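> Quick one: the structure is below, and I'll ask about it shortly.
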Amino acid sequence: MANIQIKGVSKQYAGRSILADLSLDINDGECFTLLGPSGCGKTVLMRLIAGFETPDSGTISIGGEFVANAATGQMVPPDKRGLGMVFQDYAVWPHMSVFDNVAYPLKLAGTEAVSLRERTMRAVGLVGLDGLEQRLPSQLSGGQQQRVALARALVSEPRLLLLDEPLNNLDANLREEMRFEIKALQKKLGITILYVTHDQEIALAIADRVAVMDERGILRQIGAPEEVYEHPADDFVFRFLGIANFLPVRREGRDLFIGGSSTAWVGPTPDKAGGKFTAGFRPSDVMLARDSSGHPGLPGIIRRASFLGAQVDYLIDIAGTLVRAALPSHECLDRDLLFVEGDNCRVGLATVQWFEGDIIVGERV
Amino acid sequence: MLFAFLAIYLLTFLVLPVGTMILQGLTNNEGKFVADHIKLLLANPVYVESLLNSLGVAAGAAVLSAVAALPIAMVLWRYHVRPSVFIELCGFLPLFVPPFVLALSLQIFFGRGGALGMLFQSYCDLDPAILGLPSVMLIEAMHYFPLVLMTLTMTTSAYNQQAKEAASLGSGWFRLMTRVFLPLGMPGLAFGMSITFLKTLDDLATPLSLGVTNLLAPQAFLRVSAYGSQDPLSSLIATLMVVISGLAWFASIRFVRQHVAFRNASSVSASVLLSKQQMIVGITFLGGILMLYATAYAGVALTSIARIWSYTLLPESYVLSHYLTAIHSERGSFINTLAYCGFAAVLDVVVGLVMAYAIDCAPPVWKRWLTWGATGLLSVPGVALAIAYLQFFRGIEVPLINQAIDASWFLLPMAFSVRGLPFAIRACSITLQGIPASYVEAANISGRNRFRIFIKIVLPMMTVGLFVAFLLCFGLAAVDLSSAMLLIPSETNAPVSYSIYLNMQSTTGRGAGSALAILSIALVTLSLFTLLVLIRRDWKTVSSFRKFVFTGS
């Protein structure tokens, strides 16, 4: 059992509150990602779980056992919590070979020599570094060093693996490759993983569940990746999970209009009562048509057109609010949707997230 | 426990001795504060003159070296000639070679009967010993000039390429010099000038080798020699030297701590290929300076291989026997140097590491003060520290050997270690900062045994940095003649620097003394090469080395 229970945890630094009364449950055997902007306190939370920091208030338990209790002062040291950790900078010791780096936790635990060798080699093999055991970290690539860190964290067969943005320093291709490998490893070993990141793509790709934390250290939403992406709890979550467009909408009687204009709203309608709403949608939700085509939709003017290879990116002015649209290039070519600046168009929306009130933070013309 | 060791060390070998020395100069036999000694000091024109001379010579040397360095640094900047790291390191050679070697070398050339002195004899007497104070000032300025030039170059070269581009866009060079070069160079200039001031004020061997005694350091030395270590006037003179040095150092801090911009040398050199014009400027100025110093030290170099050299332009015949004599007869002083400086350097590395760790752990408000307090140790002159030791440890017996501590060699390495401490702290700080917290935390996950983590993880990662610190402290101790001249109980306990000095004082010992000096300079240069290799290997970027100098950055 390696479920984590965090109850009412607070942490301050120099009088500044980083985490306030935070509670969170992470299930045994799940891959849980904590997603939030830089400086929001997600690494602090991970360090509290690891035992490098002590909470000012609240309790933390792993596998049903208290590892930190601010009220009683109980604090289980990091090496007694049964966890492995991979750091953002890998923290692979440069003076030790791959083998020695990976074997270090076993040596400290007094593991017998034959078993130590066998387990170390198994961990090295697990991360695909066979044959490189005698190399020094300086003779390895960034990705290989990251694997060494992973092997070292796994060699003592921890019940919980903490990953602190371990893919940040890798190039895009390697990052993509590694995130699938981590997910595969987790499935293979069945251990609990807490993965901290500010990269929503990684978070969504590897998580069983995602928690989105705002810049004040408050958890805005916890759920499966699809749920969080498709049904964001609020505009913060919506904005944090990708490029977000917002359009202000007002209700007058049974009719809907855009912002303060007389332009009528065309598209999905809110199922909530109220006079003011904000329609949130992604660039990929936008469907464009020529103004002359007779398609229904919101009237827009193309302000910027950028051909990006696989897709065309448009900046569109809809009744004074700028929104972005991304259309596949082949669709633009097939359907004569290659606009130029100043062209009039019709904007349809496939899906819309409705938020109460006018929460627009975007640029208006 | 480590902090207790640190506190005992600092109290025993710095705070209490220096505090006792200050009290000795300001109190009477009953321990009451009196102004009698101050009045006595001020009433004696020799001491007042020495005070003014010391201030004048030290300030003059600092200004002269700056005046010489500024235009050359400007030209190098104008043509964006960036000296290599090795040349920058060579700029720090003055810290590792005692200035009296230059004084003696110039004396060999320009003295009466010397190669050039003889040529000019009918027109003027160029003997440095005859010129007195001005020659001390000139020699000190010349000795420390490379240091000022290099610190100035290091702080300004980061933006010389951009300055060239700005100039090509219409910004005048005069404007760039006044608005960009001088503000950028101020930390380097202040650092170089303050070191020149402090070292000149503290220098004992150079004035004595030129027969100049009307300066504070020689006066304090002569009073201790004549009246013993408990003489209150020598305490007062030493206290005066501490106060002057402290004020000078802390006055320079304001400039030194200014933001210093260093760009990675590799990226700069990769983007800048020297043109023919720049090569010519670089070779003319830097090569010219190198030639000038090679010529200046040629006196010692030629003496070390001359059988007879007197009243001729060049030696009449050459031998290598001086080197054999130096190695054979001064074996003891080499062993002494290894023992004293090695012991001091090891102590420095240990104490420096503990202090660097303490500074690292200190709250931000304290950090800055602790850092500047540590570098402020630079302002304790060797002469003052030696007098403080002689007074504080007088008559204290060492338990096992039944010998008075001030009659043993023990105090010398301790003085060396206190003097080298600011450099050790800085080197250890950089080394410590090079180990990210996550590397220790990664070890913590597997086990909390601090000693084991230190031995297995931290220490191996710091080896090269600590070795750099050791080399620095060893080199600095090896040339600290001011402390050695006062603390050495007998000639058999002398380090190499003292043996060079003693040998050079006699006509018969000049050959061996010169050979010793050349061997020492060769060893220092070799150490600099080693330092360079280590810095490149472990500190990765050259900016680390530059940051080492400018603690405020």
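Chains: A, B, ... in order of the structure tokens. Residues: from 1 per chain. Ligands: from 1, in order shown.
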Using only C-alpha atoms, find the residues of chain A whose closest atom to chain B is at most 9 Å away, then write them as a PyMOL selection string.
chain A and resi 50-52+77-96+104-106+108-109+153+156
> What's the 8 Å shell around A:Ala70, counting only C-alpha atoms, without same-chain residues fewer than 2 positions away, as a PyMOL selection string?
chain A and resi 54-59+68+72-74
> Which residue gives the smallest distance to B:Trp173 among B:Arg510, B:Lys39, B:Arg78, B:Arg254, with only C-alpha atoms counted?
B:Arg78
> Please determine, counting only C-alpha atoms, which residue among B:Ala238, B:Ala415, B:Ala226, B:Leu208 has the shortest atom-to-atom distance to B:Leu10.
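Smallest distance to B:Leu10 is found for B:Ala415.
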> So which residues touch stretch 189-191 of chain A within 12 Å, counting only C-alpha atoms, skipping near sequence neighbours fewer than 3 positions away, as an MDAnalysis selection string?
chainID A and resid 1:3 26:32 63 82:84 123 126 153:155 157:162 182:186 194
> Go ahead and save the picked residues with N, CA and C atoms, as a compact mmCIF listing (two decimals), in the first residue's frame.

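Written file, result-v1.txt:
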# COMPACT_ATOMS: atom_id res chain seq x y z
N MET A 1 0.84 -1.21 0.00
CA MET A 1 0.00 0.00 0.00
C MET A 1 0.87 1.25 0.00
N ALA A 2 0.65 2.13 -0.97
CA ALA A 2 1.41 3.38 -0.96
C ALA A 2 0.51 4.54 -1.34
N ASN A 3 -0.68 4.54 -0.72
CA ASN A 3 -1.50 5.71 -0.95
C ASN A 3 -0.99 6.87 -0.09
N ILE A 26 -3.89 10.57 -2.77
CA ILE A 26 -3.34 9.91 -3.96
C ILE A 26 -3.47 8.40 -3.73
N ASN A 27 -4.10 7.73 -4.68
CA ASN A 27 -4.40 6.30 -4.49
C ASN A 27 -3.19 5.42 -4.72
N ASP A 28 -3.25 4.27 -4.10
CA ASP A 28 -2.17 3.29 -4.25
C ASP A 28 -2.09 2.82 -5.70
N GLY A 29 -0.89 2.84 -6.26
CA GLY A 29 -0.66 2.31 -7.59
C GLY A 29 -1.06 3.23 -8.73
N GLU A 30 -1.44 4.44 -8.45
CA GLU A 30 -1.80 5.33 -9.55
C GLU A 30 -0.66 6.28 -9.90
N CYS A 31 -0.72 6.78 -11.13
CA CYS A 31 0.24 7.80 -11.55
C CYS A 31 -0.48 9.14 -11.46
N PHE A 32 -0.06 9.91 -10.52
CA PHE A 32 -0.76 11.15 -10.21
C PHE A 32 0.14 12.32 -10.60
N GLY A 63 0.84 5.16 2.91
CA GLY A 63 0.44 3.78 3.21
C GLY A 63 -0.24 3.65 4.56
N GLY A 82 10.31 4.98 2.51
CA GLY A 82 10.14 3.98 1.47
C GLY A 82 9.83 4.57 0.11
N LEU A 83 10.56 5.61 -0.24
CA LEU A 83 10.29 6.25 -1.53
C LEU A 83 11.57 6.44 -2.34
N GLY A 84 11.36 6.60 -3.63
CA GLY A 84 12.46 6.94 -4.53
C GLY A 84 12.14 8.29 -5.14
N ALA A 123 17.90 -3.18 -12.40
CA ALA A 123 17.42 -1.79 -12.49
C ALA A 123 18.02 -1.08 -13.70
N LEU A 126 16.24 -2.33 -16.66
CA LEU A 126 14.87 -1.82 -16.67
C LEU A 126 14.75 -0.48 -17.39
N ALA A 153 16.46 5.49 -8.37
CA ALA A 153 15.26 5.68 -7.57
C ALA A 153 14.46 4.38 -7.44
N LEU A 154 14.61 3.50 -8.45
CA LEU A 154 13.80 2.27 -8.46
C LEU A 154 14.48 1.06 -7.85
N VAL A 155 15.82 1.14 -7.73
CA VAL A 155 16.58 -0.07 -7.36
C VAL A 155 16.19 -0.64 -6.00
N GLU A 157 13.34 -0.74 -4.84
CA GLU A 157 11.93 -1.13 -4.95
C GLU A 157 11.04 -0.35 -4.00
N PRO A 158 11.00 0.97 -4.23
CA PRO A 158 10.21 1.81 -3.33
C PRO A 158 8.72 1.62 -3.57
N ARG A 159 7.93 1.97 -2.56
CA ARG A 159 6.48 1.85 -2.75
C ARG A 159 5.93 3.10 -3.43
N LEU A 160 6.74 4.16 -3.41
CA LEU A 160 6.30 5.43 -3.97
C LEU A 160 7.45 6.09 -4.72
N LEU A 161 7.17 6.57 -5.92
CA LEU A 161 8.21 7.24 -6.71
C LEU A 161 7.81 8.70 -6.91
N LEU A 162 8.70 9.61 -6.50
CA LEU A 162 8.43 11.04 -6.67
C LEU A 162 9.27 11.55 -7.84
N ILE A 182 8.14 6.19 -18.85
CA ILE A 182 7.81 6.29 -17.42
C ILE A 182 6.44 5.66 -17.16
N LYS A 183 5.54 5.96 -18.03
CA LYS A 183 4.18 5.41 -17.89
C LYS A 183 4.21 3.88 -17.99
N ALA A 184 5.02 3.39 -18.96
CA ALA A 184 5.12 1.93 -19.13
C ALA A 184 5.75 1.29 -17.90
N LEU A 185 6.78 1.94 -17.37
CA LEU A 185 7.45 1.44 -16.16
C LEU A 185 6.48 1.36 -14.99
N GLN A 186 5.68 2.40 -14.86
CA GLN A 186 4.72 2.45 -13.74
C GLN A 186 3.72 1.31 -13.84
N LEU A 194 4.10 10.04 -8.03
CA LEU A 194 3.65 11.44 -7.97
C LEU A 194 4.59 12.22 -8.88
> When DSSP works through the backbone of this structure, what residues of stretch 443-509 of chain B end up as helix (DSSP H, G or I), shown as a ChimeraX atom specification?
/B:443-444,450-478,481-487,491-493,496-505
> With C-alpha atoms kept, could you save the residues just selected as an mmCIF file, in the first residue's frame?

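File out.cif, as written:
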data_model
loop_
_atom_site.group_PDB
_atom_site.id
_atom_site.type_symbol
_atom_site.label_atom_id
_atom_site.label_comp_id
_atom_site.auth_asym_id
_atom_site.auth_seq_id
_atom_site.Cartn_x
_atom_site.Cartn_y
_atom_site.Cartn_z
ATOM 1 C CA ALA B 443 21.782 10.630 -1.055
ATOM 2 C CA ASN B 444 19.534 11.507 1.875
ATOM 3 C CA ARG B 450 25.840 12.799 7.363
ATOM 4 C CA PHE B 451 29.424 11.647 7.674
ATOM 5 C CA ARG B 452 28.906 8.962 5.067
ATOM 6 C CA ILE B 453 27.194 11.382 2.694
ATOM 7 C CA PHE B 454 30.048 13.852 3.172
ATOM 8 C CA ILE B 455 32.711 11.218 2.530
ATOM 9 C CA LYS B 456 30.980 9.387 -0.322
ATOM 10 C CA ILE B 457 29.154 12.175 -2.128
ATOM 11 C CA VAL B 458 30.158 15.684 -1.108
ATOM 12 C CA LEU B 459 33.909 15.356 -0.647
ATOM 13 C CA PRO B 460 34.650 13.608 -3.970
ATOM 14 C CA MET B 461 32.664 16.311 -5.753
ATOM 15 C CA MET B 462 34.691 19.015 -4.033
ATOM 16 C CA THR B 463 38.146 17.504 -4.431
ATOM 17 C CA VAL B 464 39.314 19.691 -7.272
ATOM 18 C CA GLY B 465 37.878 22.892 -5.752
ATOM 19 C CA LEU B 466 39.537 22.141 -2.447
ATOM 20 C CA PHE B 467 42.813 21.415 -4.183
ATOM 21 C CA VAL B 468 42.572 24.804 -5.909
ATOM 22 C CA ALA B 469 42.007 26.383 -2.480
ATOM 23 C CA PHE B 470 45.004 24.491 -1.109
ATOM 24 C CA LEU B 471 47.262 25.647 -3.946
ATOM 25 C CA LEU B 472 46.155 29.256 -3.531
ATOM 26 C CA CYS B 473 46.763 29.273 0.202
ATOM 27 C CA PHE B 474 50.061 27.447 -0.169
ATOM 28 C CA GLY B 475 51.277 29.977 -2.741
ATOM 29 C CA LEU B 476 50.195 32.966 -0.670
ATOM 30 C CA ALA B 477 51.852 31.589 2.462
ATOM 31 C CA ALA B 478 55.069 30.844 0.606
ATOM 32 C CA LEU B 481 57.711 37.390 4.305
ATOM 33 C CA SER B 482 56.289 40.055 6.627
ATOM 34 C CA SER B 483 55.051 37.454 9.113
ATOM 35 C CA ALA B 484 58.061 35.203 8.575
ATOM 36 C CA MET B 485 60.652 37.884 9.378
ATOM 37 C CA LEU B 486 59.115 38.394 12.807
ATOM 38 C CA LEU B 487 57.984 34.899 13.726
ATOM 39 C CA GLU B 491 67.515 30.670 10.431
ATOM 40 C CA THR B 492 67.235 26.904 10.480
ATOM 41 C CA ASN B 493 63.445 27.342 10.719
ATOM 42 C CA VAL B 496 62.390 29.699 1.205
ATOM 43 C CA SER B 497 61.198 33.315 0.914
ATOM 44 C CA TYR B 498 63.218 34.243 3.999
ATOM 45 C CA SER B 499 66.246 32.341 2.728
ATOM 46 C CA ILE B 500 66.073 34.220 -0.590
ATOM 47 C CA TYR B 501 65.975 37.473 1.354
ATOM 48 C CA LEU B 502 68.903 36.505 3.588
ATOM 49 C CA ASN B 503 71.013 35.215 0.711
ATOM 50 C CA MET B 504 70.398 38.321 -1.367
ATOM 51 C CA GLN B 505 71.647 40.558 1.427
#
> Quick one: distance from atom CA of B:Ala220 to atom CA of B:Phe145 in Å, one decimal?
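We find that atom CA of B:Ala220 and atom CA of B:Phe145 lie 26.8 Å from each other.
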> Find the residues around stretch 128-132 of chain B up to 7 Å (only C-alpha atoms counted), leave out those fewer than 6 positions away in its own chain, and share them as number ranges by chain.
B: 107, 111, 210-212
> Work out how far atom CA of B:Leu411 is from atom CA of B:Leu216, in Å to one decimal.
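Here the two named atoms are 22.3 Å from each other.
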> Could you tell me which of B:Leu347, B:Leu236, B:Ala294, B:Val533 comes closest to B:Tyr47 if we count only C-alpha atoms?
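Looking at the shortest contact to B:Tyr47, the residue is B:Leu236.
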> Determine, counting only C-alpha atoms, which protein, DNA and RNA residues have an atom within 10 Å of an atom of A:Cys40; residues of the same chain fewer than 3 positions away are not included. Present the result as a list in words.
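That gives Ile18, Leu19, Leu35, Gly36, Pro37, Thr43, Val44, Leu45, His198, Met213, Asp214, Glu215, Arg216, Gly217 and Ile218 of chain A.
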> How would the residues just chosen look if you wrote them out with N, CA and C atoms as a compact mmCIF listing (two decimals), in the first residue's frame?

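Printed below is part_24.txt as written:
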# COMPACT_ATOMS: atom_id res chain seq x y z
N ILE A 18 2.99 29.54 1.21
CA ILE A 18 3.18 28.80 -0.05
C ILE A 18 2.02 27.82 -0.23
N LEU A 19 1.71 27.09 0.83
CA LEU A 19 0.59 26.16 0.81
C LEU A 19 -0.29 26.47 2.01
N LEU A 35 -0.05 19.46 -11.49
CA LEU A 35 0.22 20.42 -12.56
C LEU A 35 -0.02 21.83 -12.07
N GLY A 36 0.92 22.71 -12.31
CA GLY A 36 0.72 24.10 -11.88
C GLY A 36 1.81 24.99 -12.43
N PRO A 37 1.59 26.30 -12.41
CA PRO A 37 2.61 27.22 -12.92
C PRO A 37 3.84 27.24 -12.01
N THR A 43 6.44 21.88 -6.01
CA THR A 43 7.68 21.22 -5.59
C THR A 43 7.77 21.20 -4.06
N VAL A 44 7.26 22.25 -3.43
CA VAL A 44 7.26 22.29 -1.96
C VAL A 44 6.43 21.13 -1.42
N LEU A 45 5.30 20.89 -2.05
CA LEU A 45 4.44 19.79 -1.62
C LEU A 45 5.18 18.45 -1.78
N HIS A 198 4.99 21.49 -14.78
CA HIS A 198 4.20 22.65 -15.22
C HIS A 198 3.79 22.46 -16.69
N MET A 213 -3.04 23.02 -9.85
CA MET A 213 -2.80 23.93 -8.73
C MET A 213 -2.60 25.33 -9.27
N ASP A 214 -3.20 26.33 -8.63
CA ASP A 214 -3.00 27.70 -9.12
C ASP A 214 -1.80 28.35 -8.45
N GLU A 215 -1.52 29.60 -8.84
CA GLU A 215 -0.28 30.24 -8.35
C GLU A 215 -0.29 30.52 -6.86
N ARG A 216 -1.47 30.40 -6.22
CA ARG A 216 -1.53 30.59 -4.77
C ARG A 216 -1.45 29.26 -4.01
N GLY A 217 -1.21 28.19 -4.74
CA GLY A 217 -1.08 26.88 -4.10
C GLY A 217 -2.41 26.23 -3.79
N ILE A 218 -3.47 26.70 -4.43
CA ILE A 218 -4.80 26.11 -4.19
C ILE A 218 -5.10 25.11 -5.30
> Using only C-alpha atoms, which residues sit within 7 Å of stretch 52-55 of chain B once same-chain residues fewer than 3 positions away are excluded, as a list in words?
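The filter keeps Val48, Glu49, Ala58, Ala59, Leu201, Leu215 and Leu216 of chain B.
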> With N, CA and C atoms retained, write the just-selected residues as an mmCIF file, in the first residue's frame.

data_model
loop_
_atom_site.group_PDB
_atom_site.id
_atom_site.type_symbol
_atom_site.label_atom_id
_atom_site.label_comp_id
_atom_site.auth_asym_id
_atom_site.auth_seq_id
_atom_site.Cartn_x
_atom_site.Cartn_y
_atom_site.Cartn_z
ATOM 1 N N VAL B 48 55.763 59.833 13.034
ATOM 2 C CA VAL B 48 54.793 60.625 12.246
ATOM 3 C C VAL B 48 55.204 60.594 10.774
ATOM 4 N N GLU B 49 56.516 60.749 10.562
ATOM 5 C CA GLU B 49 57.021 60.716 9.184
ATOM 6 C C GLU B 49 56.769 59.335 8.554
ATOM 7 N N ALA B 58 52.015 53.773 -0.090
ATOM 8 C CA ALA B 58 50.974 52.791 -0.418
ATOM 9 C C ALA B 58 49.955 53.393 -1.393
ATOM 10 N N ALA B 59 49.519 54.633 -1.091
ATOM 11 C CA ALA B 59 48.546 55.276 -1.981
ATOM 12 C C ALA B 59 49.191 55.580 -3.328
ATOM 13 N N LEU B 201 51.598 48.580 2.059
ATOM 14 C CA LEU B 201 51.628 49.011 3.464
ATOM 15 C C LEU B 201 52.272 47.939 4.340
ATOM 16 N N LEU B 215 59.186 53.842 7.280
ATOM 17 C CA LEU B 215 57.818 53.414 6.952
ATOM 18 C C LEU B 215 57.284 52.648 8.157
ATOM 19 N N LEU B 216 55.973 52.487 8.254
ATOM 20 C CA LEU B 216 55.395 51.864 9.450
ATOM 21 C C LEU B 216 55.868 50.425 9.673
#
> To test your reading of the structure, identify every residue in stretch 102-341 of chain A that backbone DSSP assigns to strand (DSSP E), and report it as an MDAnalysis selection string.
chainID A and resid 160:164 192:197 209:213 219:223 245:252 255:258 276:281 286:290 298:307 311:318 321:328
> Do you know which residues are at most 10 Å from A:Ile243 counting only C-alpha atoms, after dropping those on the same chain fewer than 4 positions away, and could you put them as a PyMOL selection string?
chain A and resi 238-239+281-284+324-325
> Pull N, CA and C atoms from the residues just selected and write them as a PDB file, in the first residue's frame.

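To be explicit, this is the file written out as selection.pdb:
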ATOM      1  N   PHE A 238      -9.083  25.819 -17.389  1.00  0.00           N
ATOM      2  CA  PHE A 238      -9.271  25.851 -18.840  1.00  0.00           C
ATOM      3  C   PHE A 238      -8.084  26.532 -19.509  1.00  0.00           C
ATOM      4  N   ARG A 239      -7.683  27.656 -18.912  1.00  0.00           N
ATOM      5  CA  ARG A 239      -6.586  28.435 -19.492  1.00  0.00           C
ATOM      6  C   ARG A 239      -5.258  27.695 -19.362  1.00  0.00           C
ATOM      7  N   PHE A 281     -13.279  28.478 -25.559  1.00  0.00           N
ATOM      8  CA  PHE A 281     -13.080  27.440 -26.574  1.00  0.00           C
ATOM      9  C   PHE A 281     -11.619  27.438 -27.034  1.00  0.00           C
ATOM     10  N   ARG A 282     -11.185  26.312 -27.537  1.00  0.00           N
ATOM     11  CA  ARG A 282      -9.807  26.157 -28.006  1.00  0.00           C
ATOM     12  C   ARG A 282      -9.725  26.562 -29.482  1.00  0.00           C
ATOM     13  N   PRO A 283      -8.543  26.910 -29.950  1.00  0.00           N
ATOM     14  CA  PRO A 283      -8.386  27.236 -31.380  1.00  0.00           C
ATOM     15  C   PRO A 283      -8.847  26.099 -32.279  1.00  0.00           C
ATOM     16  N   SER A 284      -8.669  24.855 -31.783  1.00  0.00           N
ATOM     17  CA  SER A 284      -9.071  23.708 -32.615  1.00  0.00           C
ATOM     18  C   SER A 284     -10.591  23.528 -32.653  1.00  0.00           C
ATOM     19  N   ARG A 324      -8.182  33.072 -31.373  1.00  0.00           N
ATOM     20  CA  ARG A 324      -7.283  32.338 -32.276  1.00  0.00           C
ATOM     21  C   ARG A 324      -7.956  31.082 -32.811  1.00  0.00           C
ATOM     22  N   ALA A 325      -7.636  30.781 -34.046  1.00  0.00           N
ATOM     23  CA  ALA A 325      -8.186  29.571 -34.672  1.00  0.00           C
ATOM     24  C   ALA A 325      -7.043  28.791 -35.299  1.00  0.00           C
TER      25      ALA A 325
END
> Quick check, in Å to one decimal: how far apart do atom CA of B:Thr206 and atom CA of B:Leu378 lie?
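Atom CA of B:Thr206 sits 19.6 Å away from atom CA of B:Leu378.
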> Pick the closest to A:Leu247 from A:Ser292, A:Arg175, A:Thr321, A:Val266: which is it, counting only C-alpha atoms?
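Under the stated criterion, the closest residue is A:Thr321.
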> Calculated over only C-alpha atoms, which of the candidates B:Leu104, B:Leu519, B:Ala301, B:Val380 has the smallest distance to B:Phe416?
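Nearest to B:Phe416: B:Val380.
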> For a quick check of understanding, using only C-alpha atoms, which of B:Ala407, B:Ala326, B:Met154, B:Leu421 has the smallest distance to B:Ser490?
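Going through B:Ala407, B:Ala326, B:Met154, B:Leu421 one by one, the smallest distance to B:Ser490 is for B:Ala407.
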